[in-house]
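> What follows is a single structure, and I will ask about it in a moment.
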4 protein chains.
Amino acid sequence: MTPETERPTTVQDVADWWGTAVSRIEPGVIELRGRPVQELIGSAGLADMIWLLLRGDMPQPHERSLLEAALVAGVDHGPHAPSIAAARMAVTCGVDLNSAIAVGVSMLGDVHGGAGQQCVELLDEIGRHRRDGRRLEEAVELTLASWRAHSRYVPGFGHRFHPVDPRREPLLSLVADAVGRGELTGEFLDAAVAVETALNRGRTRPIPMNIDGATAVIYAELGFAAPLARGLFVLGRSIGILAHAWEESGQGRRNKGPMPPGILPTRLTS
Amino acid sequence: MTPETERPTTVQDVADWWGTAVSRIEPGVIELRGRPVQELIGSAGLADMIWLLLRGDMPQPHERSLLEAALVAGVDHGPHAPSIAAARMAVTCGVDLNSAIAVGVSMLGDVHGGAGQQCVELLDEIGRHRRDGRRLEEAVELTLASWRAHSRYVPGFGHRFHPVDPRREPLLSLVADAVGRGELTGEFLDAAVAVETALNRGRTRPIPMNIDGATAVIYAELGFAAPLARGLFVLGRSIGILAHAWEESGQGRRNKGPMPPGILPTRLTS
Amino acid sequence: MTPETERPTTVQDVADWWGTAVSRIEPGVIELRGRPVQELIGSAGLADMIWLLLRGDMPQPHERSLLEAALVAGVDHGPHAPSIAAARMAVTCGVDLNSAIAVGVSMLGDVHGGAGQQCVELLDEIGRHRRDGRRLEEAVELTLASWRAHSRYVPGFGHRFHPVDPRREPLLSLVADAVGRGELTGEFLDAAVAVETALNRGRTRPIPMNIDGATAVIYAELGFAAPLARGLFVLGRSIGILAHAWEESGQGRRNKGPMPPGILPTRLTS
Amino acid sequence: MTPETERPTTVQDVADWWGTAVSRIEPGVIELRGRPVQELIGSAGLADMIWLLLRGDMPQPHERSLLEAALVAGVDHGPHAPSIAAARMAVTCGVDLNSAIAVGVSMLGDVHGGAGQQCVELLDEIGRHRRDGRRLEEAVELTLASWRAHSRYVPGFGHRFHPVDPRREPLLSLVADAVGRGELTGEFLDAAVAVETALNRGRTRPIPMNIDGATAVIYAELGFAAPLARGLFVLGRSIGILAHAWEESGQGRRNKGPMPPGILPTRLTS
């Protein structure tokens, strides 16, 4: 009996419990969003597959290339990134590459990999104010005020490491080009640039848009929901995680900690 | 002091501890295998980046397209795949997409995602016998005998679900075409087909090459080490994991278990 | 140079970066919160160690026994729990027990394992209203109103499966006994019971306090911060996760999906 | 239809698919190995529950105290341990404590947390030789020879950090006491000490038994299968992982990498 209905559970209930529109897998059949896998192998690229599985159809050329650019931009940020460092440590502990990647991906939380997601939310909030009839500057001020009421950080802007993020310019240029060709509205590009302008007004040390901000512009322009900004970042960053884990596995260390064993952690007293 | 040398540890030791050839990240600089990221954004695809980060240079066109085909082939196998089912369950537990993907990727162990890795090892073993002067059939028999001494399963062959794996044919055709154009030696394709022939001799119900076998042929022909067959499979499967997790997150279930709550697990006695 | 200060980074900076008061590990020395491990082995129990490492000193007897009771209560909830099901699936994929446990623990997100954490927050909110001079009923009403403004669920109350949660009564009795002996104030017990009363006013089908609510009472009475309610639940549930993963590993399945392979997931159309 | 049998799958098949002897969870009922949870709450400790769920009955007092001592010994090894460092990094990335613990636990692979498992296997191998009539020294030599044929390391002996592991002596003393009282046979204690003697013959710098070796003796004497040596270590180490993650979460760092940001990883050229 199901507790809710008193109706006996059936095999059909089990089939429904796992119902999906993403793929159809039956003996001898593999269809992805209605397309036989054998037609996709050799014709579709990875970015096509990402779009197809998430959106249900194949991307237009500009959609595919912008998505791919955003993913490429985030593949790696070296051993200072916790996602990379943890994966390198993992392989020295005797786990396989899938576990090392899982460890790296697990680190992409609200602070490390979630800023893109939050930045799409912020851009969406500006968009709602504009649809309510606000001017852009006003919409930005209202949004920044509400954001700052609950966080010290404006997601997608500023970097602890790069004074200027070298990924900002090429990503925004690609978006501007697509806007120029009429392929995108440019609404989210304008909003993000306006946020950057507002943040830097009167400052000597600038707070430039970072990778999370620039890719959030792309994801928002392409119509991806905010949580997918994080999900997509995971797909790109996994490439760098794999490459670092693989390099580390060839260096022969065992149980690699975060620093050489000769350094003893400072003893805190509280 | 480092325990081994009695020499005081220096900041240079710490820098060396995290040394890498994959990327160079300095304030304002992001280089991946020596290439500035701003040159890659907009020109390189995901398959290019995978090759670049793992191999150190850009792939040839046939290398890129074969790698991409192998990755596309493995993106999804529906809710029966533990990697997919676990990720769908994860999002209903209130974790973010990065955690759901990590859970799915964690499942790609020796049995679920590791068969490709083992199949590359098997094909490599056949290759060693051939370089020792054995004929192909002999090399296959020796390899199968040694493999069966420690496992009931020949990795890369047979499927509990598909009588014929629809991914086998298109993948092997792409390899055969590249061999025909002189881009690959075909050594590993021949070895895998010879294994399939040997396994099916005298059988009525065939044991066909599966996705792990067909992609292992590609990875081996492209010169990837065996552990990377698993690592690469993770990259492709992550796409399907993300798509399923995202679909599930829109269905509103909370704490989704493996079956409707009306079914009670059978009580076992010991 | 550190970007912030222009002062060269030193080895002492690295030692400080990893500074900790939890343990002191030096060649030949292992101290946990200032106590040599050799004094703890054989004298301290697991609940003592949990308290010691989190709080910095050893627990009083009633603190230890209440903590242990709360942990024991949550060890297992069978294969319907995603944490248990996913770990069972994991071992059939060829990963080791540590990976299977990690998979299970990963599932304990805001919805599955986080309700205890949220319930401590809710009880803390009631406490703040009381310290502002509100009567208990008033404090409960204000808190429930603010909680319902952002969530359909009141954490710690109601169960999709159990009409009455068999863990509620013994846990609350232990708290009531300790209050009777003057060991606890009972403030959080009173608050939780008042919430239960408010929720059930005028209902025919009751919404009883569940395991998350009853253990939240204990953790709050013992002075644990809200996030530790989740952390502690993880420690207890890991025991059940390990036991189920171990049982499954003896049953010989490979790549166990969520249902027998003869059931095909329903095809959805969106 | 199930592919294997052509018989239609039934709801009973689904119930059997998830059958378990560990627990019985039905509306209003929670039984763990046949014992109602309400009888265990307040009377059973964590070590009791571990034993009960894994073994099916309650431990004898000496079994409980030895198991608890082994678990206590491994709770923490400071930030040099990858399991601890990774969990500390994880919380600064904006994930919850369950994810931080999962990350730490994931690191306990064949090298980091698996040595205890391998040491139980090694002690079991010595036991098989003895049951074949070999003397202890002979059994040890045969076992060490076969082990060294496939590994540079003898699991459970030697430590990169501690010249003498302070956990060895108290753990072995507890075992010796139990042997003296006739509670254990001492077979595995003798074997491990004989291995230590053999390893140190003729050496000036000793290779002492470490925590993995000393706990392997306990687990083997108590009759746990080798894989559970790793599973049990996970349970104990999770306590330290939680304590470190919690401490780190109070220190306010964001995206903590393995070293201060002023240190740039050395550029490697291969």
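Every chain in the structure tokens has a letter given in the order shown (A, B, ...), and although residue numbers restart at 1 in each chain, ligands are simply numbered from 1 in the order shown.
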Tell me as a ChimeraX atom specification which residues belonging to chain B come within 6 Å of chain D, counting only C-alpha atoms.

/B:15-16,18-21,264-269

> Skipping near chain neighbours, those fewer than 5 positions away, what residues fall within 12 Å of Pro59 (chain C) using only C-alpha atoms, listed as a PyMOL selection string?

chain C and resi 44-54+64-68+222-223

> Quick check for you: according to DSSP on this backbone, which residues of region 81-174 of chain B are classed as alpha helix (DSSP H)? Reply as an NGL selection string.

:B and (82-92 or 97-106 or 115-131 or 136-148 or 168-174)

> Could you jot down the CA of Ala225 (chain A) to CA of Gly180 (chain A) separation for me, Å, one decimal place?

23.7 Å

> For Val195 (chain D), list every protein, DNA or RNA residue within 12 Å, evaluated using only C-alpha atoms, and leave out those in the same chain fewer than 6 positions away; present the list as number ranges by chain.

D: 119, 122-123, 126, 136-145, 147, 154-158, 188-189, 201, 207-209, 213-214, 217

> Emit the selected residues as an mmCIF file, in the first residue's frame, including N, CA and C atoms.


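Written output follows (part.cif):
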data_model
loop_
_atom_site.group_PDB
_atom_site.id
_atom_site.type_symbol
_atom_site.label_atom_id
_atom_site.label_comp_id
_atom_site.auth_asym_id
_atom_site.auth_seq_id
_atom_site.Cartn_x
_atom_site.Cartn_y
_atom_site.Cartn_z
ATOM 1 N N CYS D 119 46.604 -4.621 5.562
ATOM 2 C CA CYS D 119 47.324 -5.287 6.640
ATOM 3 C C CYS D 119 46.521 -6.476 7.179
ATOM 4 N N LEU D 122 47.197 -9.196 4.851
ATOM 5 C CA LEU D 122 48.536 -9.737 5.096
ATOM 6 C C LEU D 122 48.523 -10.671 6.310
ATOM 7 N N LEU D 123 47.847 -10.249 7.378
ATOM 8 C CA LEU D 123 47.781 -11.095 8.576
ATOM 9 C C LEU D 123 46.984 -12.365 8.291
ATOM 10 N N ILE D 126 49.287 -14.816 6.524
ATOM 11 C CA ILE D 126 50.155 -15.506 7.488
ATOM 12 C C ILE D 126 49.379 -16.624 8.177
ATOM 13 N N LEU D 136 55.779 -19.858 12.594
ATOM 14 C CA LEU D 136 55.433 -18.440 12.443
ATOM 15 C C LEU D 136 56.462 -17.690 11.596
ATOM 16 N N GLU D 137 57.761 -17.888 11.882
ATOM 17 C CA GLU D 137 58.789 -17.136 11.159
ATOM 18 C C GLU D 137 58.732 -17.461 9.662
ATOM 19 N N GLU D 138 58.499 -18.720 9.389
ATOM 20 C CA GLU D 138 58.425 -19.167 8.006
ATOM 21 C C GLU D 138 57.193 -18.565 7.307
ATOM 22 N N ALA D 139 56.087 -18.576 8.016
ATOM 23 C CA ALA D 139 54.849 -18.003 7.450
ATOM 24 C C ALA D 139 55.036 -16.513 7.160
ATOM 25 N N VAL D 140 55.731 -15.829 8.070
ATOM 26 C CA VAL D 140 55.983 -14.397 7.876
ATOM 27 C C VAL D 140 56.877 -14.181 6.660
ATOM 28 N N GLU D 141 57.940 -14.959 6.539
ATOM 29 C CA GLU D 141 58.859 -14.777 5.412
ATOM 30 C C GLU D 141 58.161 -15.021 4.080
ATOM 31 N N LEU D 142 57.374 -16.093 4.017
ATOM 32 C CA LEU D 142 56.649 -16.387 2.777
ATOM 33 C C LEU D 142 55.696 -15.248 2.417
ATOM 34 N N THR D 143 55.014 -14.761 3.433
ATOM 35 C CA THR D 143 54.027 -13.704 3.190
ATOM 36 C C THR D 143 54.709 -12.409 2.751
ATOM 37 N N LEU D 144 55.792 -12.048 3.444
ATOM 38 C CA LEU D 144 56.497 -10.825 3.063
ATOM 39 C C LEU D 144 57.056 -10.938 1.642
ATOM 40 N N ALA D 145 57.560 -12.107 1.310
ATOM 41 C CA ALA D 145 58.110 -12.294 -0.043
ATOM 42 C C ALA D 145 57.023 -12.113 -1.096
ATOM 43 N N TRP D 147 54.244 -10.503 -0.760
ATOM 44 C CA TRP D 147 53.759 -9.115 -0.744
ATOM 45 C C TRP D 147 54.711 -8.193 -1.492
ATOM 46 N N VAL D 154 55.046 -2.450 2.859
ATOM 47 C CA VAL D 154 54.384 -3.466 3.671
ATOM 48 C C VAL D 154 53.329 -2.729 4.493
ATOM 49 N N PRO D 155 52.058 -2.972 4.207
ATOM 50 C CA PRO D 155 51.012 -2.147 4.822
ATOM 51 C C PRO D 155 50.948 -2.344 6.328
ATOM 52 N N GLY D 156 50.884 -1.218 7.048
ATOM 53 C CA GLY D 156 50.755 -1.292 8.502
ATOM 54 C C GLY D 156 52.074 -1.083 9.230
ATOM 55 N N PHE D 157 53.153 -0.855 8.463
ATOM 56 C CA PHE D 157 54.467 -0.714 9.096
ATOM 57 C C PHE D 157 55.194 0.494 8.509
ATOM 58 N N GLY D 158 55.819 1.269 9.388
ATOM 59 C CA GLY D 158 56.551 2.455 8.948
ATOM 60 C C GLY D 158 55.664 3.672 8.869
ATOM 61 N N PHE D 188 46.770 -13.003 15.720
ATOM 62 C CA PHE D 188 47.114 -11.900 14.814
ATOM 63 C C PHE D 188 48.087 -10.922 15.466
ATOM 64 N N LEU D 189 48.005 -10.794 16.794
ATOM 65 C CA LEU D 189 49.002 -9.991 17.505
ATOM 66 C C LEU D 189 50.392 -10.603 17.300
ATOM 67 N N ARG D 201 65.025 -6.490 11.341
ATOM 68 C CA ARG D 201 66.265 -7.255 11.481
ATOM 69 C C ARG D 201 67.386 -6.560 10.693
ATOM 70 N N ILE D 207 61.544 0.362 11.441
ATOM 71 C CA ILE D 207 60.260 0.476 10.744
ATOM 72 C C ILE D 207 59.189 -0.046 11.692
ATOM 73 N N PRO D 208 58.669 0.805 12.566
ATOM 74 C CA PRO D 208 57.740 0.289 13.576
ATOM 75 C C PRO D 208 56.335 0.081 13.017
ATOM 76 N N MET D 209 55.574 -0.732 13.704
ATOM 77 C CA MET D 209 54.160 -0.892 13.380
ATOM 78 C C MET D 209 53.474 0.464 13.531
ATOM 79 N N GLY D 213 48.638 -0.825 11.203
ATOM 80 C CA GLY D 213 49.008 -2.160 11.638
ATOM 81 C C GLY D 213 48.374 -2.512 12.977
ATOM 82 N N ALA D 214 48.431 -1.580 13.919
ATOM 83 C CA ALA D 214 47.917 -1.879 15.259
ATOM 84 C C ALA D 214 46.399 -2.053 15.252
ATOM 85 N N VAL D 217 45.459 -5.424 13.697
ATOM 86 C CA VAL D 217 45.527 -6.513 14.672
ATOM 87 C C VAL D 217 44.192 -6.632 15.413
#

> Could you pull out the residues in region 7-212 of chain B that DSSP calls strand (DSSP E) from the backbone, as a ChimeraX atom specification?

/B:23-26,29-32,35-36

> Which residues, written as a PyMOL selection string, have at least one atom at most 10 Å from His112 (chain A), with only C-alpha atoms counted and residues fewer than 2 positions away on the same chain left out?

(chain A and resi 81-83+107-110+114-116+212+230) or (chain D and resi 90+92-95+254-256)

> Save out the residues we just selected, N, CA, C and O atoms, as a PDB file, in the first residue's frame.


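Dumped to result_6.pdb:
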ATOM      1  N   ALA A  81      43.291  26.783  -6.795  1.00  0.00           N
ATOM      2  CA  ALA A  81      41.857  26.501  -6.755  1.00  0.00           C
ATOM      3  C   ALA A  81      41.630  25.236  -5.930  1.00  0.00           C
ATOM      4  O   ALA A  81      42.223  24.195  -6.218  1.00  0.00           O
ATOM      5  N   PRO A  82      40.785  25.307  -4.914  1.00  0.00           N
ATOM      6  CA  PRO A  82      40.549  24.105  -4.090  1.00  0.00           C
ATOM      7  C   PRO A  82      40.079  22.906  -4.914  1.00  0.00           C
ATOM      8  O   PRO A  82      40.437  21.765  -4.592  1.00  0.00           O
ATOM      9  N   SER A  83      39.318  23.137  -5.962  1.00  0.00           N
ATOM     10  CA  SER A  83      38.854  22.023  -6.796  1.00  0.00           C
ATOM     11  C   SER A  83      40.023  21.280  -7.427  1.00  0.00           C
ATOM     12  O   SER A  83      39.996  20.056  -7.565  1.00  0.00           O
ATOM     13  N   MET A 107      33.929  20.353  -4.488  1.00  0.00           N
ATOM     14  CA  MET A 107      34.378  21.634  -3.945  1.00  0.00           C
ATOM     15  C   MET A 107      33.689  22.836  -4.598  1.00  0.00           C
ATOM     16  O   MET A 107      33.858  23.957  -4.136  1.00  0.00           O
ATOM     17  N   LEU A 108      32.968  22.628  -5.689  1.00  0.00           N
ATOM     18  CA  LEU A 108      32.415  23.768  -6.431  1.00  0.00           C
ATOM     19  C   LEU A 108      31.110  24.245  -5.797  1.00  0.00           C
ATOM     20  O   LEU A 108      30.045  24.276  -6.427  1.00  0.00           O
ATOM     21  N   GLY A 109      31.215  24.632  -4.519  1.00  0.00           N
ATOM     22  CA  GLY A 109      30.062  25.052  -3.738  1.00  0.00           C
ATOM     23  C   GLY A 109      29.685  26.502  -3.981  1.00  0.00           C
ATOM     24  O   GLY A 109      30.123  27.131  -4.949  1.00  0.00           O
ATOM     25  N   ASP A 110      28.864  27.035  -3.093  1.00  0.00           N
ATOM     26  CA  ASP A 110      28.315  28.384  -3.280  1.00  0.00           C
ATOM     27  C   ASP A 110      29.403  29.432  -3.467  1.00  0.00           C
ATOM     28  O   ASP A 110      29.195  30.426  -4.170  1.00  0.00           O
ATOM     29  N   GLY A 114      29.783  28.549  -7.241  1.00  0.00           N
ATOM     30  CA  GLY A 114      28.393  28.984  -7.240  1.00  0.00           C
ATOM     31  C   GLY A 114      28.201  30.449  -7.586  1.00  0.00           C
ATOM     32  O   GLY A 114      27.069  30.912  -7.728  1.00  0.00           O
ATOM     33  N   ALA A 115      29.314  31.196  -7.758  1.00  0.00           N
ATOM     34  CA  ALA A 115      29.162  32.629  -8.008  1.00  0.00           C
ATOM     35  C   ALA A 115      28.486  32.882  -9.349  1.00  0.00           C
ATOM     36  O   ALA A 115      27.719  33.841  -9.496  1.00  0.00           O
ATOM     37  N   GLY A 116      28.744  32.022 -10.321  1.00  0.00           N
ATOM     38  CA  GLY A 116      28.079  32.188 -11.607  1.00  0.00           C
ATOM     39  C   GLY A 116      26.567  32.046 -11.469  1.00  0.00           C
ATOM     40  O   GLY A 116      25.797  32.825 -12.048  1.00  0.00           O
ATOM     41  N   ASP A 212      33.147  34.386 -13.418  1.00  0.00           N
ATOM     42  CA  ASP A 212      31.782  34.010 -13.062  1.00  0.00           C
ATOM     43  C   ASP A 212      30.797  35.020 -13.635  1.00  0.00           C
ATOM     44  O   ASP A 212      29.717  34.652 -14.105  1.00  0.00           O
ATOM     45  N   ARG A 230      26.026  26.947 -12.532  1.00  0.00           N
ATOM     46  CA  ARG A 230      26.952  26.128 -11.757  1.00  0.00           C
ATOM     47  C   ARG A 230      27.169  24.767 -12.421  1.00  0.00           C
ATOM     48  O   ARG A 230      28.296  24.292 -12.537  1.00  0.00           O
TER      49      ARG A 230
ATOM     50  N   ALA D  90      37.161  22.372   1.735  1.00  0.00           N
ATOM     51  CA  ALA D  90      35.791  22.267   1.216  1.00  0.00           C
ATOM     52  C   ALA D  90      34.848  23.270   1.882  1.00  0.00           C
ATOM     53  O   ALA D  90      34.068  23.938   1.196  1.00  0.00           O
ATOM     54  N   THR D  92      35.374  26.096   3.060  1.00  0.00           N
ATOM     55  CA  THR D  92      35.601  27.480   2.630  1.00  0.00           C
ATOM     56  C   THR D  92      35.071  27.738   1.216  1.00  0.00           C
ATOM     57  O   THR D  92      35.071  28.872   0.758  1.00  0.00           O
ATOM     58  N   CYS D  93      34.650  26.665   0.539  1.00  0.00           N
ATOM     59  CA  CYS D  93      34.103  26.793  -0.817  1.00  0.00           C
ATOM     60  C   CYS D  93      32.591  26.940  -0.803  1.00  0.00           C
ATOM     61  O   CYS D  93      31.966  26.977  -1.871  1.00  0.00           O
ATOM     62  N   GLY D  94      32.002  26.964   0.402  1.00  0.00           N
ATOM     63  CA  GLY D  94      30.565  27.171   0.465  1.00  0.00           C
ATOM     64  C   GLY D  94      29.755  25.896   0.337  1.00  0.00           C
ATOM     65  O   GLY D  94      28.661  25.920  -0.216  1.00  0.00           O
ATOM     66  N   VAL D  95      30.284  24.790   0.831  1.00  0.00           N
ATOM     67  CA  VAL D  95      29.462  23.576   0.885  1.00  0.00           C
ATOM     68  C   VAL D  95      29.113  23.295   2.349  1.00  0.00           C
ATOM     69  O   VAL D  95      29.759  23.791   3.260  1.00  0.00           O
ATOM     70  N   ARG D 254      37.680  32.185   2.425  1.00  0.00           N
ATOM     71  CA  ARG D 254      36.866  31.820   1.265  1.00  0.00           C
ATOM     72  C   ARG D 254      37.777  31.201   0.217  1.00  0.00           C
ATOM     73  O   ARG D 254      38.832  31.728  -0.076  1.00  0.00           O
ATOM     74  N   ASN D 255      37.358  30.086  -0.341  1.00  0.00           N
ATOM     75  CA  ASN D 255      38.158  29.415  -1.378  1.00  0.00           C
ATOM     76  C   ASN D 255      39.594  29.195  -0.943  1.00  0.00           C
ATOM     77  O   ASN D 255      40.536  29.523  -1.672  1.00  0.00           O
ATOM     78  N   LYS D 256      39.764  28.639   0.238  1.00  0.00           N
ATOM     79  CA  LYS D 256      41.110  28.385   0.753  1.00  0.00           C
ATOM     80  C   LYS D 256      41.832  27.372  -0.123  1.00  0.00           C
ATOM     81  O   LYS D 256      41.401  26.228  -0.248  1.00  0.00           O
TER      82      LYS D 256
END

> So how many Å separate CA of Gly257 (chain A) and CA of His80 (chain D), to one decimal?

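Distance reported for this atom pair: 4.7 Å.
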
> Distance CA of Glu121 (chain C)-CA of Gly42 (chain D), one decimal place?

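Between CA of Glu121 (chain C) and CA of Gly42 (chain D) the gap is 25.1 Å.
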
> For Ala245 (chain A), please output as JSON, numbers by chain all residues within 8 Å (counting only C-alpha atoms; exclusion window: fewer than 5 positions along the same chain).

{"A": [84, 87, 88, 89, 90, 91, 97, 100, 101]}

> Can you spit out the residues from that selection as an mmCIF file, in the first residue's frame, using N, CA, C and O atoms?


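Below is the file result_26.cif, written as the result:
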data_model
loop_
_atom_site.group_PDB
_atom_site.id
_atom_site.type_symbol
_atom_site.label_atom_id
_atom_site.label_comp_id
_atom_site.auth_asym_id
_atom_site.auth_seq_id
_atom_site.Cartn_x
_atom_site.Cartn_y
_atom_site.Cartn_z
ATOM 1 N N ILE A 84 41.041 22.021 -7.822
ATOM 2 C CA ILE A 84 42.214 21.409 -8.452
ATOM 3 C C ILE A 84 43.118 20.772 -7.392
ATOM 4 O O ILE A 84 43.558 19.621 -7.535
ATOM 5 N N ALA A 87 41.747 17.486 -5.906
ATOM 6 C CA ALA A 87 41.806 16.351 -6.829
ATOM 7 C C ALA A 87 43.232 15.814 -6.938
ATOM 8 O O ALA A 87 43.448 14.603 -7.035
ATOM 9 N N ARG A 88 44.209 16.714 -6.928
ATOM 10 C CA ARG A 88 45.611 16.278 -6.966
ATOM 11 C C ARG A 88 45.954 15.498 -5.703
ATOM 12 O O ARG A 88 46.659 14.480 -5.774
ATOM 13 N N MET A 89 45.503 15.979 -4.564
ATOM 14 C CA MET A 89 45.764 15.247 -3.329
ATOM 15 C C MET A 89 45.081 13.873 -3.366
ATOM 16 O O MET A 89 45.641 12.880 -2.918
ATOM 17 N N ALA A 90 43.876 13.842 -3.921
ATOM 18 C CA ALA A 90 43.106 12.592 -3.912
ATOM 19 C C ALA A 90 43.840 11.455 -4.626
ATOM 20 O O ALA A 90 43.914 10.339 -4.112
ATOM 21 N N VAL A 91 44.396 11.734 -5.790
ATOM 22 C CA VAL A 91 45.038 10.624 -6.519
ATOM 23 C C VAL A 91 46.239 10.069 -5.784
ATOM 24 O O VAL A 91 46.598 8.905 -5.959
ATOM 25 N N LEU A 97 40.592 7.767 -10.877
ATOM 26 C CA LEU A 97 40.351 9.105 -11.415
ATOM 27 C C LEU A 97 38.904 9.563 -11.237
ATOM 28 O O LEU A 97 38.653 10.756 -11.053
ATOM 29 N N ALA A 100 38.784 11.065 -7.851
ATOM 30 C CA ALA A 100 39.514 12.333 -7.801
ATOM 31 C C ALA A 100 38.681 13.446 -8.433
ATOM 32 O O ALA A 100 38.620 14.569 -7.912
ATOM 33 N N ILE A 101 38.027 13.140 -9.553
ATOM 34 C CA ILE A 101 37.169 14.155 -10.184
ATOM 35 C C ILE A 101 35.992 14.486 -9.280
ATOM 36 O O ILE A 101 35.627 15.649 -9.106
#

> For Asp76 (chain C), list every protein, DNA or RNA residue within 9 Å, evaluated using only C-alpha atoms, and leave out those in the same chain fewer than 3 positions away; present the list as a PyMOL selection string.

(chain C and resi 72-73+79+81+84+236-241+244) or (chain D and resi 22-23+30+32)

> With N, CA, C and O atoms retained, write the just-selected residues as an mmCIF file, in the first residue's frame.


data_model
loop_
_atom_site.group_PDB
_atom_site.id
_atom_site.type_symbol
_atom_site.label_atom_id
_atom_site.label_comp_id
_atom_site.auth_asym_id
_atom_site.auth_seq_id
_atom_site.Cartn_x
_atom_site.Cartn_y
_atom_site.Cartn_z
ATOM 1 N N VAL C 72 22.698 7.494 18.043
ATOM 2 C CA VAL C 72 22.190 6.136 17.854
ATOM 3 C C VAL C 72 20.847 6.164 17.127
ATOM 4 O O VAL C 72 20.565 5.338 16.259
ATOM 5 N N ALA C 73 20.019 7.139 17.458
ATOM 6 C CA ALA C 73 18.656 7.188 16.898
ATOM 7 C C ALA C 73 18.652 7.317 15.379
ATOM 8 O O ALA C 73 17.715 6.879 14.715
ATOM 9 N N PRO C 79 16.577 1.057 2.976
ATOM 10 C CA PRO C 79 16.846 1.380 1.570
ATOM 11 C C PRO C 79 15.972 2.481 0.975
ATOM 12 O O PRO C 79 16.283 2.984 -0.102
ATOM 13 N N ALA C 81 15.786 5.344 2.256
ATOM 14 C CA ALA C 81 16.576 6.566 2.461
ATOM 15 C C ALA C 81 17.599 6.673 1.337
ATOM 16 O O ALA C 81 18.370 5.742 1.102
ATOM 17 N N ILE C 84 21.143 5.626 2.108
ATOM 18 C CA ILE C 84 21.390 4.174 2.198
ATOM 19 C C ILE C 84 21.368 3.547 0.804
ATOM 20 O O ILE C 84 22.255 2.773 0.438
ATOM 21 N N GLY C 236 26.395 9.616 12.845
ATOM 22 C CA GLY C 236 25.569 8.465 13.188
ATOM 23 C C GLY C 236 25.117 7.696 11.959
ATOM 24 O O GLY C 236 25.236 6.468 11.885
ATOM 25 N N ARG C 237 24.627 8.403 10.970
ATOM 26 C CA ARG C 237 24.110 7.736 9.781
ATOM 27 C C ARG C 237 25.190 6.961 9.021
ATOM 28 O O ARG C 237 24.908 5.961 8.358
ATOM 29 N N SER C 238 26.433 7.396 9.149
ATOM 30 C CA SER C 238 27.527 6.679 8.478
ATOM 31 C C SER C 238 27.596 5.216 8.912
ATOM 32 O O SER C 238 28.028 4.353 8.143
ATOM 33 N N ILE C 239 27.183 4.954 10.138
ATOM 34 C CA ILE C 239 27.197 3.569 10.622
ATOM 35 C C ILE C 239 26.230 2.720 9.799
ATOM 36 O O ILE C 239 26.577 1.632 9.333
ATOM 37 N N GLY C 240 25.020 3.203 9.612
ATOM 38 C CA GLY C 240 24.056 2.458 8.806
ATOM 39 C C GLY C 240 24.471 2.366 7.348
ATOM 40 O O GLY C 240 24.266 1.337 6.694
ATOM 41 N N ILE C 241 25.051 3.442 6.855
ATOM 42 C CA ILE C 241 25.523 3.431 5.462
ATOM 43 C C ILE C 241 26.566 2.337 5.273
ATOM 44 O O ILE C 241 26.509 1.554 4.318
ATOM 45 N N HIS C 244 24.925 -1.223 5.413
ATOM 46 C CA HIS C 244 24.176 -1.570 4.194
ATOM 47 C C HIS C 244 25.121 -1.791 3.011
ATOM 48 O O HIS C 244 24.920 -2.705 2.211
ATOM 49 N N VAL D 22 19.540 -5.838 7.488
ATOM 50 C CA VAL D 22 20.086 -4.854 8.432
ATOM 51 C C VAL D 22 18.972 -4.189 9.234
ATOM 52 O O VAL D 22 19.057 -4.062 10.449
ATOM 53 N N SER D 23 17.939 -3.772 8.535
ATOM 54 C CA SER D 23 16.883 -3.065 9.258
ATOM 55 C C SER D 23 15.525 -3.366 8.651
ATOM 56 O O SER D 23 15.414 -3.798 7.502
ATOM 57 N N ILE D 30 10.716 0.816 13.371
ATOM 58 C CA ILE D 30 12.127 0.854 12.997
ATOM 59 C C ILE D 30 12.842 -0.204 13.820
ATOM 60 O O ILE D 30 12.999 -0.052 15.034
ATOM 61 N N LEU D 32 16.366 -2.521 14.033
ATOM 62 C CA LEU D 32 17.738 -2.659 13.564
ATOM 63 C C LEU D 32 18.226 -4.040 13.980
ATOM 64 O O LEU D 32 18.296 -4.336 15.179
#

> Quick one: residues within 12 Å of Leu174 (chain A), only C-alpha atoms, excluding same-chain residues fewer than 3 positions away - as a PyMOL selection string?

(chain A and resi 62-63+65-70+167-171+177-181+183-184+186+189+214-215+217-218+221) or (chain B and resi 38+41-43)
